[in-house]
Protein chains: 2
Amino acid sequence: VTVVGAHDGPASTTWDDRTGAHTRRLMDWAASNRYVDLPQAAVRSSRRLLLDYVGVAVGGADHEAAPIALEVARALGGEPQATILVHGDRTSVANAALVNGISSHVLDYDDTHIPTILHPTGPIASAGLAIAEWRGLSGAELLRAHVVALEVSTRVSLALYPQHYDAGWHMSGTTGTIGAGIAAALLCGADGPQLVHALGIAATQAAGHREQFGTMSKSLHVGKAAANGVLAGLLATRGYTAAPDPIEGRRGMFTVMSGRGDADALSAGLGSDWEIDRVGIKPYACGVVAHPPIDAARRLRTEHGLDPAEIEEVELRVHPLVLELTGKPEPRTGLEGKFSVAFCAAVALLEGAAGPREFTDETVRRPDVVALRDRIRPRAVAEIHHSQAEATARLRDGREVSVRIDAATGTPENPIGDHELRRKFLDLVEPVLGAERGRELIGHAERIDAMASLGPLTAAAVRHESSPEHEGGEP
Amino acid sequence: VTVVGAHDGPASTTWDDRTGAHTRRLMDWAASNRYVDLPQAAVRSSRRLLLDYVGVAVGGADHEAAPIALEVARALGGEPQATILVHGDRTSVANAALVNGISSHVLDYDDTHIPTILHPTGPIASAGLAIAEWRGLSGAELLRAHVVALEVSTRVSLALYPQHYDAGWHMSGTTGTIGAGIAAALLCGADGPQLVHALGIAATQAAGHREQFGTMSKSLHVGKAAANGVLAGLLATRGYTAAPDPIEGRRGMFTVMSGRGDADALSAGLGSDWEIDRVGIKPYACGVVAHPPIDAARRLRTEHGLDPAEIEEVELRVHPLVLELTGKPEPRTGLEGKFSVAFCAAVALLEGAAGPREFTDETVRRPDVVALRDRIRPRAVAEIHHSQAEATARLRDGREVSVRIDAATGTPENPIGDHELRRKFLDLVEPVLGAERGRELIGHAERIDAMASLGPLTAAAVRHESSPEHEGGEP
């Protein structure tokens, strides 16, 4: 049985009856969902996540990995279709997606789907913004693609979690590619059957090993997810074919990349339960599992007024995954610091913050930081959830002070407010583009669904001569 | 302990002592091996495989998937660095690698590392030829990169086989990316330590599900392996970092993509046992496991002079993998025909051949082919190796005729000769570029290690107005 799918445009292809039932339902939903069908809460969340995306991508654009990727993109060249944020190059949608994707993740400061530790918006928005800019699409179209692609990629993540992640896959590289592919395909005008091909082309490109955490290749996963997604969208809408059942099929993504997959998660509650409601915005520039201990360290400082010099040692009780992911005892670089919960807690105690300024090589090597870091004792406790933490500081005078974090800042139960989001955004953007541009970008992003095209937004995200960090000779 | 590696150029980086011992040995060997160190047999094999590569890539350039990828590459654009074979576009090395890689695999006619069913040269040569053309390197440099990268990718394949393949990974997408990354990095001038970074950037991009077999996305795996390898080479030689132990490490390629890996296979016998000796050139345009049954069918026809009309049925006894991979009973397209051993045997009985002309939609649907196909009964027999097959034809007059294939044509034990290789090459190239160009290309490829640059070869592989299949309006 092949039937014509429900979607906005004319049907250019037909459904294949070999597609798995859950995959088919998800793709049919994705193709037929319109902007006006989105609940207001999802629209608001999307606006906030897109603002946060621009902030982390602008903030990361000069950081380690991104300038090297920019150099490669310049060497390869491409049609002037989309903008590389900050640097301002107009290049192919594939190159722009690659470099902006890397920039968006290099600070480890982008949003997180809390149930699966996927960072959904980096791949989706890096692919989507490039295609939308190229095709002159509206902000509402980008927002709709973001919400729908986020729903698809988080549902594939839910189906695969935790086996896939435990096996060593980096979700943001793997299901990130799915999100980018769906966003790109929708913005290229795919109908439902083409969306299944795009899903397959994306799934079979999905990649990224957790072994790469702590190196530039971690953010490459997000850049490649975005660029591979762009390719999936371009190919599928031009008739390139993929297997009809790329996720649930015998040798498809579920079996190959996790050994199992909970297909029901693809379609259960579709249209009533929105995964975007479970995406958190990070208050700290590191992996989300280190956030509860950072919250705990900050509370020791702010609520109990501890002076680090008084501290004999701090026992941190955390979920086992925290130590597995961030157990580096002696980080050597800013990037490695993100993978050391002892460093994270120490710097949060000393500075009351854990933003990009704290995750530098200089700070990681600072003698007072190293000395306090070596007095932090993290301990895995199976009963503690990865959004929770407990800390007990033993002071030189014999006193003990304990704190407990039940839901870390930035989780859906304890979200950061619009004011804090703008503050985070300006902290990232001001040093790169200046305060005025920062405020202009906030204005665009907060009204993105009213923008007729994305040109004014990408133009405002480019560094000009008056910007604080202008490098001479750049376009 | 960090020491400076042995290589031709100045050391720009140092070795990381966290790299696994076998990986380190393999990368040190790869970086330090020079053209003059290669055994003559390896040089000869490389020349033959590169000639075969040009043939299959030219022959595939107009076929289904490749023109769509070409359209996408044209939309993206890029600096005029390297040539897209046949079509003649000069575009970025990434785009050229992508499209040429797809062309080289779309006919399922490219070379095979028999022990692991990896198709090594498609990814390596698509990446390597693009970089060599761009950088004006010699044929000897390309040939050396081919031999070395082939050794690296086949050894990673050996370490992962069969678990990785059985799990559903397409080797040519996964370890193909490793081969392309090593070739690209060597041709970009990487030293040993940079080669470890290129290996890591390649490994963490490795992808491709067997679910995609029988669709255009199978050849996308090879195109993406080539393009991802180019990216790995460009990034690593500009200082982009990856994990120090990307293959043997705790969350590295072995664990994540197979659950285990035989690390010893990476370095055992390095420099004395050459895997290039175990790479076969295909006589038939389909998966290598279907070759023994095709040989058997052809022998029924040629040695026993059977008339298909006389045949009641043919029992084929084959290795179980043959049915798993090529068990489609009723293929609908030429592409699906490659995955139907019954069709392959039927067409070989009827035509005495199984080249690109046999794997067309038209032939697959031909009534006489379908009728004979339905009288072929393949049966899995565990004791038969995947290079062997047995066939018994039962004739309408009651007679039985049996044949046995011990080593299929094209395997290392039964290689195709230079004359047959040239015949295969011309069969592929003549219809696209004409006989004169075909002979010119043979001349270049057979003396490739004497070529000062690859320009004359790529120029001869471009279709001009006088070519048989010229499409008006193409560059």
# chains A, B, ... in the order shown; residues from 1 in each chain; ligands from 1
>>> residues_around(residues="Ala345 (chain A)", least_positions_apart="6", cutoff="7 Å", atoms="only C-alpha atoms", output="PDB file with N, CA and C atoms, in the first residue's frame")
ATOM      1  N   PRO A 293      27.328  19.811  40.816  1.00  0.00           N
ATOM      2  CA  PRO A 293      28.445  20.113  41.715  1.00  0.00           C
ATOM      3  C   PRO A 293      28.862  21.592  41.684  1.00  0.00           C
ATOM      4  N   ILE A 294      28.769  22.222  40.508  1.00  0.00           N
ATOM      5  CA  ILE A 294      29.097  23.655  40.453  1.00  0.00           C
ATOM      6  C   ILE A 294      28.074  24.455  41.256  1.00  0.00           C
ATOM      7  N   ALA A 297      29.007  24.026  44.828  1.00  0.00           N
ATOM      8  CA  ALA A 297      30.180  24.817  45.197  1.00  0.00           C
ATOM      9  C   ALA A 297      29.815  26.299  45.319  1.00  0.00           C
TER      10      ALA A 297
END
>>> closest_atom_pairs(of="chain B", to="chain A", cutoff="8 Å", atoms="only C-alpha atoms", output="JSON lines")
{"residue": "B:Ala65", "atom": "CA", "partner": "A:Tyr240", "partner_atom": "CA", "distance": 6.5}
{"residue": "B:Ile68", "atom": "CA", "partner": "A:Tyr240", "partner_atom": "CA", "distance": 6.6}
{"residue": "B:Ala69", "atom": "CA", "partner": "A:Leu235", "partner_atom": "CA", "distance": 6.9}
{"residue": "B:Val72", "atom": "CA", "partner": "A:Leu234", "partner_atom": "CA", "distance": 6.6}
{"residue": "B:Ala75", "atom": "CA", "partner": "A:Glu79", "partner_atom": "CA", "distance": 7.5}
{"residue": "B:Leu76", "atom": "CA", "partner": "A:Ser92", "partner_atom": "CA", "distance": 5.2}
{"residue": "B:Gly77", "atom": "CA", "partner": "A:Gly78", "partner_atom": "CA", "distance": 4.4}
{"residue": "B:Gly78", "atom": "CA", "partner": "A:Gly78", "partner_atom": "CA", "distance": 3.9}
{"residue": "B:Glu79", "atom": "CA", "partner": "A:Gly77", "partner_atom": "CA", "distance": 5.0}
{"residue": "B:Ser92", "atom": "CA", "partner": "A:Leu76", "partner_atom": "CA", "distance": 5.2}
{"residue": "B:Val93", "atom": "CA", "partner": "A:Leu76", "partner_atom": "CA", "distance": 6.9}
{"residue": "B:Ala94", "atom": "CA", "partner": "A:Leu76", "partner_atom": "CA", "distance": 7.2}
{"residue": "B:Ala167", "atom": "CA", "partner": "A:Val256", "partner_atom": "CA", "distance": 5.6}
{"residue": "B:Gly168", "atom": "CA", "partner": "A:Arg251", "partner_atom": "CA", "distance": 5.2}
{"residue": "B:Trp169", "atom": "CA", "partner": "A:Val256", "partner_atom": "CA", "distance": 6.8}
{"residue": "B:Ile201", "atom": "CA", "partner": "A:Ser217", "partner_atom": "CA", "distance": 6.6}
{"residue": "B:Thr204", "atom": "CA", "partner": "A:Gly208", "partner_atom": "CA", "distance": 4.7}
{"residue": "B:Gln205", "atom": "CA", "partner": "A:Ala207", "partner_atom": "CA", "distance": 5.2}
{"residue": "B:Ala206", "atom": "CA", "partner": "A:Ala207", "partner_atom": "CA", "distance": 6.2}
{"residue": "B:Ala207", "atom": "CA", "partner": "A:Gln205", "partner_atom": "CA", "distance": 5.3}
{"residue": "B:Gly208", "atom": "CA", "partner": "A:Thr204", "partner_atom": "CA", "distance": 4.7}
{"residue": "B:His209", "atom": "CA", "partner": "A:Thr204", "partner_atom": "CA", "distance": 5.4}
{"residue": "B:Arg210", "atom": "CA", "partner": "A:Arg251", "partner_atom": "CA", "distance": 5.7}
{"residue": "B:Glu211", "atom": "CA", "partner": "A:Arg251", "partner_atom": "CA", "distance": 4.5}
{"residue": "B:Gln212", "atom": "CA", "partner": "A:Ala243", "partner_atom": "CA", "distance": 5.0}
{"residue": "B:Phe213", "atom": "CA", "partner": "A:Ala243", "partner_atom": "CA", "distance": 7.6}
{"residue": "B:Gly214", "atom": "CA", "partner": "A:Ala243", "partner_atom": "CA", "distance": 7.8}
{"residue": "B:Thr215", "atom": "CA", "partner": "A:Ala242", "partner_atom": "CA", "distance": 5.4}
{"residue": "B:Met216", "atom": "CA", "partner": "A:Thr241", "partner_atom": "CA", "distance": 5.3}
{"residue": "B:Ser217", "atom": "CA", "partner": "A:Ala242", "partner_atom": "CA", "distance": 5.2}
{"residue": "B:His221", "atom": "CA", "partner": "A:Gln205", "partner_atom": "CA", "distance": 7.8}
{"residue": "B:Leu234", "atom": "CA", "partner": "A:Val72", "partner_atom": "CA", "distance": 6.6}
{"residue": "B:Leu235", "atom": "CA", "partner": "A:Val72", "partner_atom": "CA", "distance": 6.8}
{"residue": "B:Arg238", "atom": "CA", "partner": "A:Ile68", "partner_atom": "CA", "distance": 6.7}
{"residue": "B:Gly239", "atom": "CA", "partner": "A:Ile68", "partner_atom": "CA", "distance": 7.3}
{"residue": "B:Tyr240", "atom": "CA", "partner": "A:Met216", "partner_atom": "CA", "distance": 6.4}
{"residue": "B:Thr241", "atom": "CA", "partner": "A:Met216", "partner_atom": "CA", "distance": 5.3}
{"residue": "B:Ala242", "atom": "CA", "partner": "A:Ser217", "partner_atom": "CA", "distance": 5.2}
{"residue": "B:Ala243", "atom": "CA", "partner": "A:Gln212", "partner_atom": "CA", "distance": 5.0}
{"residue": "B:Asp245", "atom": "CA", "partner": "A:Glu211", "partner_atom": "CA", "distance": 7.9}
{"residue": "B:Pro246", "atom": "CA", "partner": "A:Glu211", "partner_atom": "CA", "distance": 6.6}
{"residue": "B:Gly249", "atom": "CA", "partner": "A:Glu211", "partner_atom": "CA", "distance": 6.9}
{"residue": "B:Arg250", "atom": "CA", "partner": "A:Glu211", "partner_atom": "CA", "distance": 6.9}
{"residue": "B:Arg251", "atom": "CA", "partner": "A:Glu211", "partner_atom": "CA", "distance": 4.5}
{"residue": "B:Gly252", "atom": "CA", "partner": "A:Glu211", "partner_atom": "CA", "distance": 5.2}
{"residue": "B:Met253", "atom": "CA", "partner": "A:His209", "partner_atom": "CA", "distance": 7.2}
{"residue": "B:Thr255", "atom": "CA", "partner": "A:Ala167", "partner_atom": "CA", "distance": 7.5}
{"residue": "B:Val256", "atom": "CA", "partner": "A:Gly168", "partner_atom": "CA", "distance": 5.4}
{"residue": "B:Met257", "atom": "CA", "partner": "A:Met257", "partner_atom": "CA", "distance": 7.8}
>>> residues_around(residues="Trp134 (chain A)", least_positions_apart="2", cutoff="12 Å", atoms="only C-alpha atoms", output="PyMOL selection string")
(chain A and resi 79-83+90-94+96-97+127-132+136-138+142+184+187-188+230+453-455+458) or (chain B and resi 75-76)
>>> atom_distance(atom1="CA of Ala407 (chain B)", atom2="CA of Gln388 (chain B)")
5.6 Å
>>> select_by_dssp(residues="region 19-151 of chain B", states="strand (DSSP E or B)", output="MDAnalysis selection string")
chainID B and resid 82:83 86 90:91 112:113 118
>>> select_by_dssp(residues="region 29-94 of chain A", states="alpha helix (DSSP H)", output="PDB file with C-alpha atoms, in the first residue's frame")
ATOM      1  CA  TRP A  29       3.837  14.357  11.772  1.00  0.00           C
ATOM      2  CA  ALA A  30       7.078  16.214  11.020  1.00  0.00           C
ATOM      3  CA  ALA A  31       6.098  16.962   7.428  1.00  0.00           C
ATOM      4  CA  SER A  32       2.552  18.046   8.187  1.00  0.00           C
ATOM      5  CA  GLN A  40       2.812  28.843  22.406  1.00  0.00           C
ATOM      6  CA  ALA A  41       5.097  27.251  25.002  1.00  0.00           C
ATOM      7  CA  ALA A  42       7.076  25.499  22.260  1.00  0.00           C
ATOM      8  CA  VAL A  43       7.347  28.731  20.289  1.00  0.00           C
ATOM      9  CA  ARG A  44       8.615  30.560  23.368  1.00  0.00           C
ATOM     10  CA  SER A  45      11.128  27.793  24.154  1.00  0.00           C
ATOM     11  CA  SER A  46      12.369  27.788  20.585  1.00  0.00           C
ATOM     12  CA  ARG A  47      12.933  31.561  20.659  1.00  0.00           C
ATOM     13  CA  ARG A  48      14.927  31.208  23.884  1.00  0.00           C
ATOM     14  CA  LEU A  49      16.997  28.298  22.525  1.00  0.00           C
ATOM     15  CA  LEU A  50      17.717  30.133  19.268  1.00  0.00           C
ATOM     16  CA  LEU A  51      18.837  33.221  21.201  1.00  0.00           C
ATOM     17  CA  ASP A  52      21.064  30.999  23.336  1.00  0.00           C
ATOM     18  CA  TYR A  53      22.405  29.361  20.147  1.00  0.00           C
ATOM     19  CA  VAL A  54      23.447  32.695  18.662  1.00  0.00           C
ATOM     20  CA  GLY A  55      25.135  33.591  21.942  1.00  0.00           C
ATOM     21  CA  VAL A  56      27.192  30.420  22.254  1.00  0.00           C
ATOM     22  CA  ALA A  57      28.089  30.390  18.557  1.00  0.00           C
ATOM     23  CA  VAL A  58      29.232  34.029  18.611  1.00  0.00           C
ATOM     24  CA  GLY A  59      31.076  33.430  21.880  1.00  0.00           C
ATOM     25  CA  GLY A  60      32.821  30.354  20.487  1.00  0.00           C
ATOM     26  CA  ALA A  65      38.752  24.774  16.994  1.00  0.00           C
ATOM     27  CA  ALA A  66      36.567  27.244  15.097  1.00  0.00           C
ATOM     28  CA  PRO A  67      39.319  29.388  13.507  1.00  0.00           C
ATOM     29  CA  ILE A  68      41.020  26.250  12.138  1.00  0.00           C
ATOM     30  CA  ALA A  69      37.744  25.035  10.651  1.00  0.00           C
ATOM     31  CA  LEU A  70      37.231  28.546   9.229  1.00  0.00           C
ATOM     32  CA  GLU A  71      40.642  28.324   7.549  1.00  0.00           C
ATOM     33  CA  VAL A  72      39.655  25.014   5.964  1.00  0.00           C
ATOM     34  CA  ALA A  73      36.277  26.390   4.842  1.00  0.00           C
ATOM     35  CA  ARG A  74      38.086  29.351   3.240  1.00  0.00           C
ATOM     36  CA  ALA A  75      40.501  27.015   1.467  1.00  0.00           C
ATOM     37  CA  LEU A  76      37.616  24.934   0.070  1.00  0.00           C
ATOM     38  CA  VAL A  93      25.530  26.321   3.269  1.00  0.00           C
ATOM     39  CA  ALA A  94      27.650  23.226   3.983  1.00  0.00           C
TER      40      ALA A  94
END
>>> closest_residue(among="B:Leu118, B:Val106, B:Leu426, B:Val152", to="Leu199 (chain B)", atoms="only C-alpha atoms")
B:Val152
>>> residues_around(residues="Thr411 (chain B)", least_positions_apart="5", cutoff="8 Å", atoms="only C-alpha atoms", output="NGL selection string")
:B and (114 or 278-281 or 387)
>>> atom_distance(atom1="CA of Ala125 (chain B)", atom2="CA of Ile102 (chain B)")
11.8 Å
>>> atom_distance(atom1="CA of Ser267 (chain B)", atom2="CA of Lys282 (chain B)")
27.6 Å
>>> residues_around(residues="region 337-340 of chain A", least_positions_apart="6", cutoff="7 Å", atoms="only C-alpha atoms", output="NGL selection string")
:A and (214 or 286-287 or 325-329 or 331 or 359 or 364)
>>> write_last_selection(atoms="N, CA and C atoms", output="mmCIF file, in the first residue's frame")
data_model
loop_
_atom_site.group_PDB
_atom_site.id
_atom_site.type_symbol
_atom_site.label_atom_id
_atom_site.label_comp_id
_atom_site.auth_asym_id
_atom_site.auth_seq_id
_atom_site.Cartn_x
_atom_site.Cartn_y
_atom_site.Cartn_z
ATOM 1 N N GLY A 214 37.033 16.385 25.248
ATOM 2 C CA GLY A 214 38.237 17.051 25.728
ATOM 3 C C GLY A 214 39.197 17.434 24.622
ATOM 4 N N CYS A 286 30.182 24.101 30.534
ATOM 5 C CA CYS A 286 30.773 22.766 30.552
ATOM 6 C C CYS A 286 29.664 21.743 30.511
ATOM 7 N N GLY A 287 30.026 20.483 30.454
ATOM 8 C CA GLY A 287 29.057 19.395 30.377
ATOM 9 C C GLY A 287 28.022 19.501 31.483
ATOM 10 N N LEU A 325 32.414 10.927 33.133
ATOM 11 C CA LEU A 325 32.552 11.951 32.094
ATOM 12 C C LEU A 325 33.521 13.052 32.482
ATOM 13 N N THR A 326 33.561 13.387 33.761
ATOM 14 C CA THR A 326 34.340 14.569 34.170
ATOM 15 C C THR A 326 35.273 14.197 35.313
ATOM 16 N N GLY A 327 35.900 13.036 35.175
ATOM 17 C CA GLY A 327 36.745 12.544 36.258
ATOM 18 C C GLY A 327 38.220 12.883 36.127
ATOM 19 N N LYS A 328 38.595 13.733 35.140
ATOM 20 C CA LYS A 328 40.020 14.063 34.987
ATOM 21 C C LYS A 328 40.527 14.708 36.275
ATOM 22 N N PRO A 329 41.542 14.105 36.946
ATOM 23 C CA PRO A 329 42.002 14.720 38.187
ATOM 24 C C PRO A 329 42.890 15.946 37.949
ATOM 25 N N PRO A 331 43.509 18.338 34.969
ATOM 26 C CA PRO A 331 43.366 18.891 33.608
ATOM 27 C C PRO A 331 44.545 19.809 33.290
ATOM 28 N N PHE A 359 37.071 28.753 31.934
ATOM 29 C CA PHE A 359 37.623 27.569 31.254
ATOM 30 C C PHE A 359 38.716 27.965 30.258
ATOM 31 N N VAL A 364 43.001 27.184 34.428
ATOM 32 C CA VAL A 364 43.170 25.780 34.805
ATOM 33 C C VAL A 364 44.522 25.554 35.490
#
>>> residues_around(residues="His146 (chain B)", least_positions_apart="3", cutoff="7 Å", atoms="only C-alpha atoms", output="MDAnalysis selection string")
chainID B and resid 124:125 142:143 149:150 183
>>> write_last_selection(atoms="C-alpha atoms", output="PDB file, in the first residue's frame")
ATOM      1  CA  ILE B 124      41.436   6.439  -0.812  1.00  0.00           C
ATOM      2  CA  ALA B 125      41.804   7.366  -4.486  1.00  0.00           C
ATOM      3  CA  LEU B 142      49.721   9.407  -4.995  1.00  0.00           C
ATOM      4  CA  LEU B 143      50.764   5.790  -5.415  1.00  0.00           C
ATOM      5  CA  ALA B 149      46.500   4.236   3.320  1.00  0.00           C
ATOM      6  CA  LEU B 150      45.261   0.928   1.940  1.00  0.00           C
ATOM      7  CA  ALA B 183      45.807   9.311   2.215  1.00  0.00           C
TER       8      ALA B 183
END
